[in-house]
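Everything below belongs to protein.tsv, which stores TSV, C-alpha atoms.
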```tsv
chain	number	residue	atom	x	y	z
A	1	LYS	CA	122.36	106.68	95.67
A	2	GLN	CA	120.54	103.83	97.42
A	3	ARG	CA	122.46	101.55	99.76
A	4	ILE	CA	122.34	97.90	98.73
A	5	GLU	CA	120.97	96.67	102.07
A	6	LYS	CA	117.87	98.82	101.48
A	7	ARG	CA	117.05	96.61	98.49
A	8	LEU	CA	117.52	93.26	100.24
A	9	GLY	CA	114.90	91.21	102.02
A	10	LYS	CA	115.69	88.98	104.98
A	11	ILE	CA	115.19	85.32	105.77
A	12	SER	CA	115.70	83.61	109.13
A	13	GLU	CA	118.18	80.75	109.32
A	14	SER	CA	115.46	78.26	110.28
A	15	MET	CA	113.36	79.26	107.25
A	16	LEU	CA	116.43	79.05	105.01
A	17	ARG	CA	117.03	75.51	106.27
A	18	ARG	CA	113.39	74.59	105.59
A	19	VAL	CA	113.62	75.93	102.03
A	20	PHE	CA	116.83	74.02	101.32
A	21	GLU	CA	115.46	70.81	102.81
A	22	ALA	CA	112.16	71.11	100.91
A	23	LEU	CA	114.03	71.59	97.63
A	24	ASP	CA	116.53	68.85	98.52
A	25	MET	CA	119.39	71.32	97.97
A	26	ASN	CA	121.38	70.23	101.03
A	27	GLN	CA	122.08	66.93	99.31
A	28	THR	CA	123.74	68.58	96.31
A	29	SER	CA	125.54	71.51	97.91
A	30	GLY	CA	126.38	70.26	101.41
A	31	TYR	CA	126.16	73.72	102.97
A	32	LEU	CA	123.64	76.44	103.79
A	33	PRO	CA	123.86	79.56	101.59
A	34	CYS	CA	123.71	83.10	102.93
A	35	ALA	CA	121.54	84.53	100.11
A	36	LEU	CA	118.71	83.44	97.80
A	37	GLN	CA	117.39	85.03	94.63
A	38	ILE	CA	113.65	84.38	94.70
A	39	ARG	CA	110.21	85.08	93.25
A	40	MET	CA	107.02	84.82	95.29
A	41	ALA	CA	103.56	86.43	95.20
A	42	GLY	CA	104.43	89.20	92.74
A	43	MET	CA	107.67	89.89	94.58
A	44	LYS	CA	111.18	89.30	93.32
A	45	GLY	CA	114.60	89.96	94.68
A	46	VAL	CA	117.31	88.75	97.01
A	47	LEU	CA	116.88	87.49	100.57
A	48	VAL	CA	119.88	87.37	102.89
A	49	LYS	CA	120.27	85.26	106.02
A	50	ALA	CA	119.44	87.41	109.03
A	51	PRO	CA	120.49	85.95	112.41
A	52	GLU	CA	118.65	88.77	114.20
A	53	LEU	CA	115.33	87.17	113.16
A	54	GLY	CA	115.98	84.37	115.63
A	55	GLN	CA	114.73	80.80	115.24
A	56	ARG	CA	111.28	81.66	113.89
A	57	ASP	CA	110.41	80.78	110.28
A	58	VAL	CA	110.36	84.32	108.86
A	59	ILE	CA	110.75	86.04	105.50
A	60	GLN	CA	110.79	89.85	105.44
A	61	VAL	CA	110.58	91.66	102.11
A	62	ARG	CA	111.06	95.30	101.21
A	63	ARG	CA	108.25	97.31	99.67
A	64	SER	CA	110.51	97.93	96.65
A	65	GLN	CA	110.65	94.16	96.00
A	66	ILE	CA	106.87	93.94	95.41
A	67	LYS	CA	106.24	94.33	91.68
A	68	PHE	CA	102.52	93.42	91.45
A	69	GLU	CA	99.69	91.84	93.47
A	70	SER	CA	99.43	88.04	93.30
A	71	ASP	CA	97.97	85.12	95.24
A	72	HIS	CA	100.73	82.77	94.04
A	73	TYR	CA	102.60	82.15	97.30
A	74	ASP	CA	104.89	79.36	96.10
A	75	LEU	CA	108.48	80.32	96.85
A	76	GLU	CA	110.56	79.99	93.67
A	77	VAL	CA	114.32	79.86	94.19
A	78	ILE	CA	116.05	81.21	91.10
A	79	ASP	CA	119.61	80.98	92.43
A	80	TYR	CA	121.56	80.98	95.69
A	81	SER	CA	125.00	81.96	96.94
A	82	LYS	CA	127.75	79.39	96.43
A	83	PRO	CA	131.28	79.07	97.73
A	84	CYS	CA	134.08	79.98	95.36
A	85	THR	CA	137.85	79.85	95.38
A	86	LEU	CA	139.66	83.14	95.82
A	87	THR	CA	143.30	83.96	95.30
A	88	LEU	CA	145.19	87.05	96.39
A	89	ASN	CA	147.98	88.47	94.29
```
File written out as structure tokens:
Amino acid sequence: KQRIEKRLGKISESMLRRVFEALDMNQTSGYLPCALQIRMAGMKGVLVKAPELGQRDVIQVRRSQIKFESDHYDLEVIDYSKPCTLTLN
């Protein structure tokens, strides 16, 4: 059984901020998400915020996220994590 973190890519906080600002998402959500579902250059999957990448603008993908070769390097954000209300019984 494969651990879930082996299937996740990583994105630095500074790059995550750049993506949200470029897509004008900060205006609608008011917060920075911790995960993005994306497509880019024949790759698809989930990127999670990785503080260990520091303040560089970095995206790291897993080999398993690459589905085919492509020169289309536009980052497409399909969805992103959102806050939700939880209740405990």
query: Hey, which of A:Met43, A:Glu13, A:Pro83, A:Lys49 ends up closest to Gln65 in chain A? Count only C-alpha atoms.
result: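 Residue with the minimum atom-to-atom distance to Gln65 in chain A: A:Met43.
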message: I want to know what sits within 10 Å of Glu76 in chain A, based on only C-alpha atoms, with residues of the same chain fewer than 5 positions away left out; could you give that as a ChimeraX atom specification?
response: /A:19,23,36-41,44
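Note that CA of Lys10 in chain A and CA of Lys67 in chain A are 17.2 Å apart.
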task: Compile the contact shell of Arg62 in chain A as a PyMOL selection string: residues with an atom at most 7 Å away, counting all atoms listed in the file, same-chain residues fewer than 5 positions apart removed.
output: chain A and resi 7-9
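Straight-line separation from CA of Glu69 in chain A to CA of Gly42 in chain A: 5.5 Å.
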- prompt: Any idea what the distance is between CA of Arg56 in chain A and CA of Met15 in chain A?
  reply: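 So the answer is 7.4 Å.
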message: Residues within 10 Å of Leu32 in chain A, please, as a ChimeraX atom specification. Count all atoms listed in the file; anything in the same chain fewer than 5 positions from it doesn't count.
response: /A:13,16-17,20-21,25-26,49,80-82
message: With distances taken over all atoms listed in the file, which residue among A:Leu75, A:Ile66, A:Leu88, A:Cys34 lies nearest Ser12 in chain A?
response: A:Cys34
